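*Asks:* Data: protein20.txt, compact mmCIF, C-alpha atoms.
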# COMPACT_ATOMS: atom_id res chain seq x y z
CA MET A 1 130.07 71.31 60.61
CA ALA A 2 133.16 71.30 62.81
CA LYS A 3 131.13 70.44 65.89
CA ASP A 4 129.70 67.42 64.08
CA GLU A 5 133.19 66.25 63.17
CA LYS A 6 134.45 66.76 66.72
CA ALA A 7 131.52 64.78 68.08
CA LYS A 8 132.16 62.04 65.56
CA ALA A 9 135.81 61.89 66.63
CA LYS A 10 134.86 61.58 70.31
CA LYS A 11 132.34 58.87 69.46
CA GLU A 12 134.96 56.90 67.49
CA GLN A 13 137.46 57.24 70.33
CA ALA A 14 134.97 56.00 72.92
CA LYS A 15 133.72 53.15 70.75
CA GLY A 16 137.27 52.09 69.95
CA LYS A 17 138.31 52.19 73.59
CA ALA A 18 135.30 50.06 74.53
CA LYS A 19 136.09 47.47 71.84
CA GLU A 20 139.73 47.42 72.88
CA THR A 21 138.81 46.87 76.53
CA VAL A 22 136.30 44.12 75.76
CA GLY A 23 138.79 42.43 73.47
CA ARG A 24 141.43 42.53 76.18
CA VAL A 25 139.04 41.18 78.85
CA VAL A 26 137.76 38.26 76.78
CA GLY A 27 141.13 37.55 75.18
CA ASN A 28 140.02 38.36 71.64
CA GLU A 29 143.06 39.85 69.91
CA THR A 30 141.10 40.69 66.74
CA MET A 31 138.55 42.75 68.64
CA LYS A 32 141.32 44.43 70.61
CA ALA A 33 143.15 45.36 67.39
CA LYS A 34 139.96 46.67 65.75
CA GLY A 35 139.28 48.77 68.83
CA GLN A 36 142.78 50.22 68.75
CA ALA A 37 142.38 51.03 65.06
CA GLU A 38 139.03 52.73 65.60
CA LYS A 39 140.41 54.73 68.52
CA SER A 40 143.37 55.82 66.39
CA LYS A 41 140.99 56.90 63.64
CA GLY A 42 139.13 59.05 66.16
CA ASP A 43 142.41 60.49 67.44
CA ALA A 44 143.42 61.42 63.88
CA ARG A 45 140.07 63.03 63.18
CA GLN A 46 140.32 65.05 66.40
CA ALA A 47 143.84 66.19 65.53
CA LYS A 48 142.63 67.31 62.10
CA GLU A 49 139.84 69.34 63.66
CA LYS A 50 142.20 70.94 66.17
CA ALA A 51 144.55 71.91 63.34
CA LYS A 52 141.67 73.44 61.40
CA ASP A 53 140.65 75.43 64.49
CA ALA A 54 144.20 76.68 64.95
CA PHE A 55 144.27 78.07 61.41
CA LYS A 56 140.90 79.79 61.86
CA ARG A 57 142.34 82.02 64.59
As a first step, turn the structure in this file into structure tokens.
*Replies:*
Amino acid sequence: MAKDEKAKAKKEQAKGKAKETVGRVVGNETMKAKGQAEKSKGDARQAKEKAKDAFKR
């Protein structure tokens, strides 16, 4: 289960970064903001998984 969540976090981070970059290149502030939000969501999910791993040890 944890590996699935970690993979999902990485996917969200990559997808968000891509949206953010495209939004910046084409000048679309909405897309840029959505990309930043999605990347942040992935960052939060990854932090949660790392915290769970720390408590398992």
*Asks:* Using only the atoms of range 16-32 of chain A listed in the file, plus 5 Å on each side, state the axis-aligned box centre and edge lengths in Å rounded to one decimal, as lines of an AutoDock Vina configuration file.
*Replies:*
center_x = 139.2
center_y = 44.9
center_z = 72.8
size_x = 17.8
size_y = 24.6
size_z = 22.1
*Asks:* Neighbouring residues of Gly35 in chain A were defined as those with any atom within 9 Å, considering all atoms listed in the file; residues of the same chain fewer than 5 positions away were excluded. Please report them as a compact mmCIF listing (two decimals) with C-alpha atoms, in the coordinates of the input.
*Replies:*
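As a result, out30.txt now contains:
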# COMPACT_ATOMS: atom_id res chain seq x y z
CA GLN A 13 137.46 57.24 70.33
CA LYS A 15 133.72 53.15 70.75
CA GLY A 16 137.27 52.09 69.95
CA LYS A 17 138.31 52.19 73.59
CA ALA A 18 135.30 50.06 74.53
CA LYS A 19 136.09 47.47 71.84
CA GLU A 20 139.73 47.42 72.88
CA THR A 21 138.81 46.87 76.53
CA VAL A 22 136.30 44.12 75.76
CA GLY A 23 138.79 42.43 73.47
CA THR A 30 141.10 40.69 66.74
CA SER A 40 143.37 55.82 66.39
*Asks:* CA of Lys52 in chain A and CA of Lys8 in chain A, how far apart in Å?
*Replies:*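 Atom-to-atom, CA of Lys8 in chain A to CA of Lys52 in chain A, that is 15.4 Å.
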*Asks:* Report, in Å to a single decimal, how far apart CA of Lys41 in chain A and CA of Asp4 in chain A are.
*Replies:*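 Going from CA of Asp4 in chain A over to CA of Lys41 in chain A, I get 15.4 Å.
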*Asks:* With distances taken over all atoms listed in the file, which residue among A:Lys6, A:Arg57, A:Arg24, A:Lys11 lies nearest Lys39 in chain A?
*Replies:* A:Lys11
*Asks:* Given the choices A:Ala14, A:Ala7, A:Val25, A:Met31, which gets closest to Arg45 in chain A if the distance is worked out from all atoms listed in the file?
*Replies:*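 Ranked by minimum distance to Arg45 in chain A, first place goes to A:Ala7.
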*Asks:* Identify, on the basis of only C-alpha atoms, every residue whose closest approach to range 47-50 of chain A does not exceed 9 Å; exclude the query and any residue fewer than 2 positions from it along the same chain; express the result as a ChimeraX atom specification.
*Replies:* /A:2,5-6,9,42-45,52-55
*Asks:* So, with all atoms listed in the file as the atoms that count, which of A:Gln46, A:Gly27, A:Lys56, A:Lys32 lies closest to Lys3 in chain A?
*Replies:*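 The answer is A:Gln46, which sits nearest to Lys3 in chain A.
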